[in-house]
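A.B. asks: Pasting a structure below so you can have a look.
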Amino acid sequence: LAKTTQPISMDSYEGQEVNITCSHNNIATNDYITWYQQFPSQGPRFIIQGYKTKVTNEVASLFIPADRKSSTLSLPRVSLSDTAVYYCLVVNTNAGKSTFGDGTTLTVKP
Amino acid sequence: DVKVTQSSRYLVKRTGEKVFLECVQDMDHENMFWYRQDPGLGLRLIYFSYDVKMKEKGDIPEGYSVSREKKERFSLILESASTNQTSMYLCASSLPGTSNEKLFFGSGTQLSVL
């Protein structure tokens with residue numbers, strides 16, 4: 001499974017757009033890129049998944065360049081409630097198991 | 001709404017005890033997983049299961065076993081609990097082989113082994 005690297009922590013202010021980048025240099029052809037959000041004392045929650053180019057849902061956007069060796073999670077206009085740990089995963093749907101990295105702790109300040 | 005339920009939110013056990021952590025999902029998912037989460041170490045996969053009576057070792061299976069007798073239930077067993085197994089345990093489930101595969105997690109069980 002491809003290893004992921006993402007910043008340990010990030011700070012932002014309410015109303016700003018936040019971009020969290022994840023590198024996954026060894027991503028394989030069958031791998032998808034998936035992001036999860038985790039609040040304290042809760043299990044992680046799926047945010048978004050993509051294979052290439054751009055994916056957008058009601059929560060976030062995911063940008064994946066052509067070489068797929070990195071990806072960027074974009075959170076528009078964050079609020080205090082977006083303070084959480086964000087995990088980038090590379091998922092091989094044939095293998096069926098997901099390996100979590102260390103995650104990025106996002107702190108949104110008023 | 002999808003649901004993964006872990007039987008206990010908090011659990012305190014003594015060293016050497018046999019511990020059962022239960023997880024039930026109501027989504028008819030084939031895949032189920034057990035992770036542990038420790039400060040500074042992130043989530044680490046202990047065991048997973050693709051189907052009833054099937055099990056696969058994850059990254060840190062030592063000291064653990066699992067049981068999957070029914071599709072909706074996946075149990076994690078600590079045969080003889082030790083203090084280094086004090087941790088947050090998270091159960092998850094997913095549908096296999098889809099292009100939109102995603103994990104659904106329970107709220108976790110905080111286990112303390114004294």
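Identifiers in the structure tokens: chain A, B, ... in order shown; residue index from 1 per chain; ligand index from 1 in order shown.
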Quick one: residues within 7 Å of B:Glu79, only C-alpha atoms counted, chain neighbours fewer than 2 positions away excluded, as a list in words?

C.D. replies: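 The contact residues come out as Lys18, Val19, Tyr64, Ile77 and Ala81 of chain B.
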
A.B. asks: Please produce a file of those selected residues containing C-alpha atoms, as a PDB file, in the first residue's frame.

C.D. replies:
ATOM      1  CA  LYS B  18      -9.856 -12.159  28.577  1.00  0.00           C
ATOM      2  CA  VAL B  19     -11.553  -9.201  26.901  1.00  0.00           C
ATOM      3  CA  TYR B  64      -5.374 -10.230  19.437  1.00  0.00           C
ATOM      4  CA  ILE B  77     -10.629 -10.724  21.527  1.00  0.00           C
ATOM      5  CA  ALA B  81      -4.981  -8.380  28.355  1.00  0.00           C
TER       6      ALA B  81
END

A.B. asks: Give me, as a list in words, all polymer residues having an atom no more than 8 Å from A:Asp31, counting only C-alpha atoms and skipping those fewer than 5 positions away in the same chain.

C.D. replies: Tyr51, Val90, Val91, Asn92 and Thr93 of chain A

A.B. asks: Excluding B:Thr86 and its own-chain neighbours fewer than 4 positions away, which residues fall within 7 Å of it when counting only C-alpha atoms? Please give them as a list of chain:residue names.

C.D. replies: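 Once the adjacent positions are removed, what remains is B:Leu111, B:Ser112, B:Val113.
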
A.B. asks: Using only C-alpha atoms, select each residue of chain A with any atom at most 10 Å away from an atom of chain B, and give the selection as a PyMOL selection string.

C.D. replies: chain A and resi 30-32+34-36+41-51+87+91-103

A.B. asks: Quick one: distance from atom CA of B:Val12 to atom CA of B:Gln85 in Å, one decimal?

C.D. replies: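 Answer for the atom CA of B:Val12 to atom CA of B:Gln85 separation: 11.4 Å.
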
A.B. asks: From a DSSP pass on the backbone, collect the residues of stretch 74-103 of chain A flagged as strand (DSSP E) and hand them back as a list of chain:residue names.

C.D. replies: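 Checking each residue of stretch 74-103 of chain A, the strand (DSSP E) ones are A:Ser74, A:Leu75, A:Ala84, A:Val85, A:Tyr86, A:Tyr87, A:Cys88, A:Leu89, A:Val90, A:Val91, A:Asn92.
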
A.B. asks: In Å, how far is it from atom CA of A:Leu75 to atom CA of A:Ser23?

C.D. replies: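 If I compute the distance from atom CA of A:Leu75 to atom CA of A:Ser23, I get 17.7 Å.
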
A.B. asks: Considering only C-alpha atoms, state which residue in the set A:Lys52, A:Asn26, A:Val78, A:Gln6 is at the smallest distance from A:Pro65.

C.D. replies: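 Residue with the minimum atom-to-atom distance to A:Pro65: A:Lys52.
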
A.B. asks: Could you name the residues that touch stretch 8-10 of chain A at 9 Å or less, counting only C-alpha atoms, but leaving out those on the same chain fewer than 4 positions away, as number ranges by chain?

C.D. replies: A: 18, 20, 85, 102-108

A.B. asks: How about saving the chosen residues, all heavy atoms kept, as a PDB file, in the first residue's frame?

C.D. replies:
ATOM      1  N   VAL A  18      -9.156  26.446   3.297  1.00  0.00           N
ATOM      2  CA  VAL A  18      -8.011  25.672   3.772  1.00  0.00           C
ATOM      3  C   VAL A  18      -7.687  24.585   2.762  1.00  0.00           C
ATOM      4  O   VAL A  18      -8.569  23.862   2.295  1.00  0.00           O
ATOM      5  CB  VAL A  18      -8.310  25.032   5.145  1.00  0.00           C
ATOM      6  CG1 VAL A  18      -7.205  24.056   5.536  1.00  0.00           C
ATOM      7  CG2 VAL A  18      -8.450  26.112   6.213  1.00  0.00           C
ATOM      8  N   ILE A  20      -5.193  21.287   2.305  1.00  0.00           N
ATOM      9  CA  ILE A  20      -4.285  20.323   2.937  1.00  0.00           C
ATOM     10  C   ILE A  20      -3.767  19.404   1.840  1.00  0.00           C
ATOM     11  O   ILE A  20      -4.546  18.727   1.164  1.00  0.00           O
ATOM     12  CB  ILE A  20      -4.996  19.495   4.021  1.00  0.00           C
ATOM     13  CG1 ILE A  20      -5.677  20.407   5.047  1.00  0.00           C
ATOM     14  CG2 ILE A  20      -3.985  18.574   4.717  1.00  0.00           C
ATOM     15  CD1 ILE A  20      -6.508  19.658   6.069  1.00  0.00           C
ATOM     16  N   VAL A  85      -8.897  16.345  12.997  1.00  0.00           N
ATOM     17  CA  VAL A  85      -7.761  15.708  12.329  1.00  0.00           C
ATOM     18  C   VAL A  85      -8.246  15.191  10.982  1.00  0.00           C
ATOM     19  O   VAL A  85      -9.301  14.557  10.894  1.00  0.00           O
ATOM     20  CB  VAL A  85      -7.191  14.544  13.162  1.00  0.00           C
ATOM     21  CG1 VAL A  85      -6.025  13.895  12.422  1.00  0.00           C
ATOM     22  CG2 VAL A  85      -6.747  15.038  14.538  1.00  0.00           C
ATOM     23  N   ASP A 102      -0.541   9.619   9.615  1.00  0.00           N
ATOM     24  CA  ASP A 102      -0.569  10.340  10.879  1.00  0.00           C
ATOM     25  C   ASP A 102      -1.638  11.423  10.929  1.00  0.00           C
ATOM     26  O   ASP A 102      -2.012  11.889  11.991  1.00  0.00           O
ATOM     27  CB  ASP A 102       0.799  10.963  11.157  1.00  0.00           C
ATOM     28  CG  ASP A 102       1.854   9.898  11.368  1.00  0.00           C
ATOM     29  OD1 ASP A 102       1.505   8.803  11.851  1.00  0.00           O
ATOM     30  OD2 ASP A 102       3.024  10.152  11.036  1.00  0.00           O
ATOM     31  N   GLY A 103      -2.098  11.865   9.799  1.00  0.00           N
ATOM     32  CA  GLY A 103      -3.138  12.878   9.769  1.00  0.00           C
ATOM     33  C   GLY A 103      -2.617  14.290   9.966  1.00  0.00           C
ATOM     34  O   GLY A 103      -1.481  14.503  10.401  1.00  0.00           O
ATOM     35  N   THR A 104      -3.457  15.256   9.630  1.00  0.00           N
ATOM     36  CA  THR A 104      -3.167  16.680   9.818  1.00  0.00           C
ATOM     37  C   THR A 104      -4.175  17.240  10.808  1.00  0.00           C
ATOM     38  O   THR A 104      -5.389  17.154  10.576  1.00  0.00           O
ATOM     39  CB  THR A 104      -3.288  17.447   8.490  1.00  0.00           C
ATOM     40  OG1 THR A 104      -2.318  16.960   7.568  1.00  0.00           O
ATOM     41  CG2 THR A 104      -3.085  18.945   8.713  1.00  0.00           C
ATOM     42  N   THR A 105      -3.670  17.817  11.883  1.00  0.00           N
ATOM     43  CA  THR A 105      -4.551  18.464  12.858  1.00  0.00           C
ATOM     44  C   THR A 105      -4.805  19.889  12.404  1.00  0.00           C
ATOM     45  O   THR A 105      -3.886  20.712  12.372  1.00  0.00           O
ATOM     46  CB  THR A 105      -3.916  18.465  14.253  1.00  0.00           C
ATOM     47  OG1 THR A 105      -3.700  17.117  14.672  1.00  0.00           O
ATOM     48  CG2 THR A 105      -4.838  19.162  15.249  1.00  0.00           C
ATOM     49  N   LEU A 106      -6.045  20.163  12.024  1.00  0.00           N
ATOM     50  CA  LEU A 106      -6.438  21.505  11.595  1.00  0.00           C
ATOM     51  C   LEU A 106      -7.088  22.217  12.768  1.00  0.00           C
ATOM     52  O   LEU A 106      -8.047  21.702  13.357  1.00  0.00           O
ATOM     53  CB  LEU A 106      -7.413  21.436  10.429  1.00  0.00           C
ATOM     54  CG  LEU A 106      -8.065  22.769  10.017  1.00  0.00           C
ATOM     55  CD1 LEU A 106      -7.003  23.730   9.477  1.00  0.00           C
ATOM     56  CD2 LEU A 106      -9.181  22.560   9.004  1.00  0.00           C
ATOM     57  N   THR A 107      -6.579  23.387  13.084  1.00  0.00           N
ATOM     58  CA  THR A 107      -7.167  24.213  14.139  1.00  0.00           C
ATOM     59  C   THR A 107      -7.704  25.486  13.494  1.00  0.00           C
ATOM     60  O   THR A 107      -6.941  26.244  12.881  1.00  0.00           O
ATOM     61  CB  THR A 107      -6.134  24.572  15.215  1.00  0.00           C
ATOM     62  OG1 THR A 107      -5.582  23.370  15.761  1.00  0.00           O
ATOM     63  CG2 THR A 107      -6.783  25.384  16.325  1.00  0.00           C
ATOM     64  N   VAL A 108      -9.005  25.704  13.635  1.00  0.00           N
ATOM     65  CA  VAL A 108      -9.629  26.907  13.106  1.00  0.00           C
ATOM     66  C   VAL A 108      -9.861  27.877  14.258  1.00  0.00           C
ATOM     67  O   VAL A 108     -10.493  27.524  15.266  1.00  0.00           O
ATOM     68  CB  VAL A 108     -10.962  26.588  12.408  1.00  0.00           C
ATOM     69  CG1 VAL A 108     -11.591  27.875  11.869  1.00  0.00           C
ATOM     70  CG2 VAL A 108     -10.745  25.586  11.275  1.00  0.00           C
TER      71      VAL A 108
END

A.B. asks: State, in Å with one decimal place, the distance from atom CA of B:Ser82 to atom CA of B:Glu62.

C.D. replies: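 It comes out at 11.7 Å.
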
A.B. asks: Using only C-alpha atoms, which protein or nucleic acid residues come within 10 Å of B:Glu22? Drop anything in the same chain fewer than 6 positions from it, and give the result as a compact mmCIF listing (two decimals) with N, CA and C atoms, in the first residue's frame.

C.D. replies:
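Done, and the output landed in around_16.txt:
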# COMPACT_ATOMS: atom_id res chain seq x y z
N THR B 5 -22.09 -0.03 15.58
CA THR B 5 -22.26 0.10 17.03
C THR B 5 -21.23 -0.74 17.76
N GLN B 6 -20.52 -0.10 18.65
CA GLN B 6 -19.57 -0.80 19.51
C GLN B 6 -20.20 -0.92 20.89
N SER B 7 -20.09 -2.09 21.47
CA SER B 7 -20.90 -2.42 22.65
C SER B 7 -20.58 -1.57 23.87
N SER B 8 -19.32 -1.17 24.01
CA SER B 8 -18.95 -0.39 25.19
C SER B 8 -18.22 0.87 24.78
N VAL B 66 -9.83 -12.58 16.45
CA VAL B 66 -11.14 -12.05 16.06
C VAL B 66 -12.08 -13.21 15.79
N SER B 67 -13.36 -12.86 15.76
CA SER B 67 -14.39 -13.85 15.47
C SER B 67 -15.47 -13.19 14.62
N ARG B 73 -21.68 -8.99 12.71
CA ARG B 73 -20.97 -8.89 13.99
C ARG B 73 -19.50 -9.30 13.84
N PHE B 74 -18.62 -8.47 14.38
CA PHE B 74 -17.18 -8.73 14.32
C PHE B 74 -16.62 -8.45 15.70
N SER B 75 -16.07 -9.48 16.32
CA SER B 75 -15.59 -9.37 17.69
C SER B 75 -14.07 -9.37 17.74
N LEU B 76 -13.52 -8.52 18.57
CA LEU B 76 -12.08 -8.49 18.82
C LEU B 76 -11.84 -9.09 20.20
N ILE B 77 -10.88 -10.00 20.28
CA ILE B 77 -10.63 -10.72 21.53
C ILE B 77 -9.19 -10.50 21.97
N CYS B 91 -13.97 0.13 15.43
CA CYS B 91 -14.47 -0.85 14.48
C CYS B 91 -15.00 -0.11 13.26
N THR B 109 -14.19 2.27 21.48
CA THR B 109 -14.18 1.77 22.85
C THR B 109 -12.84 2.14 23.47
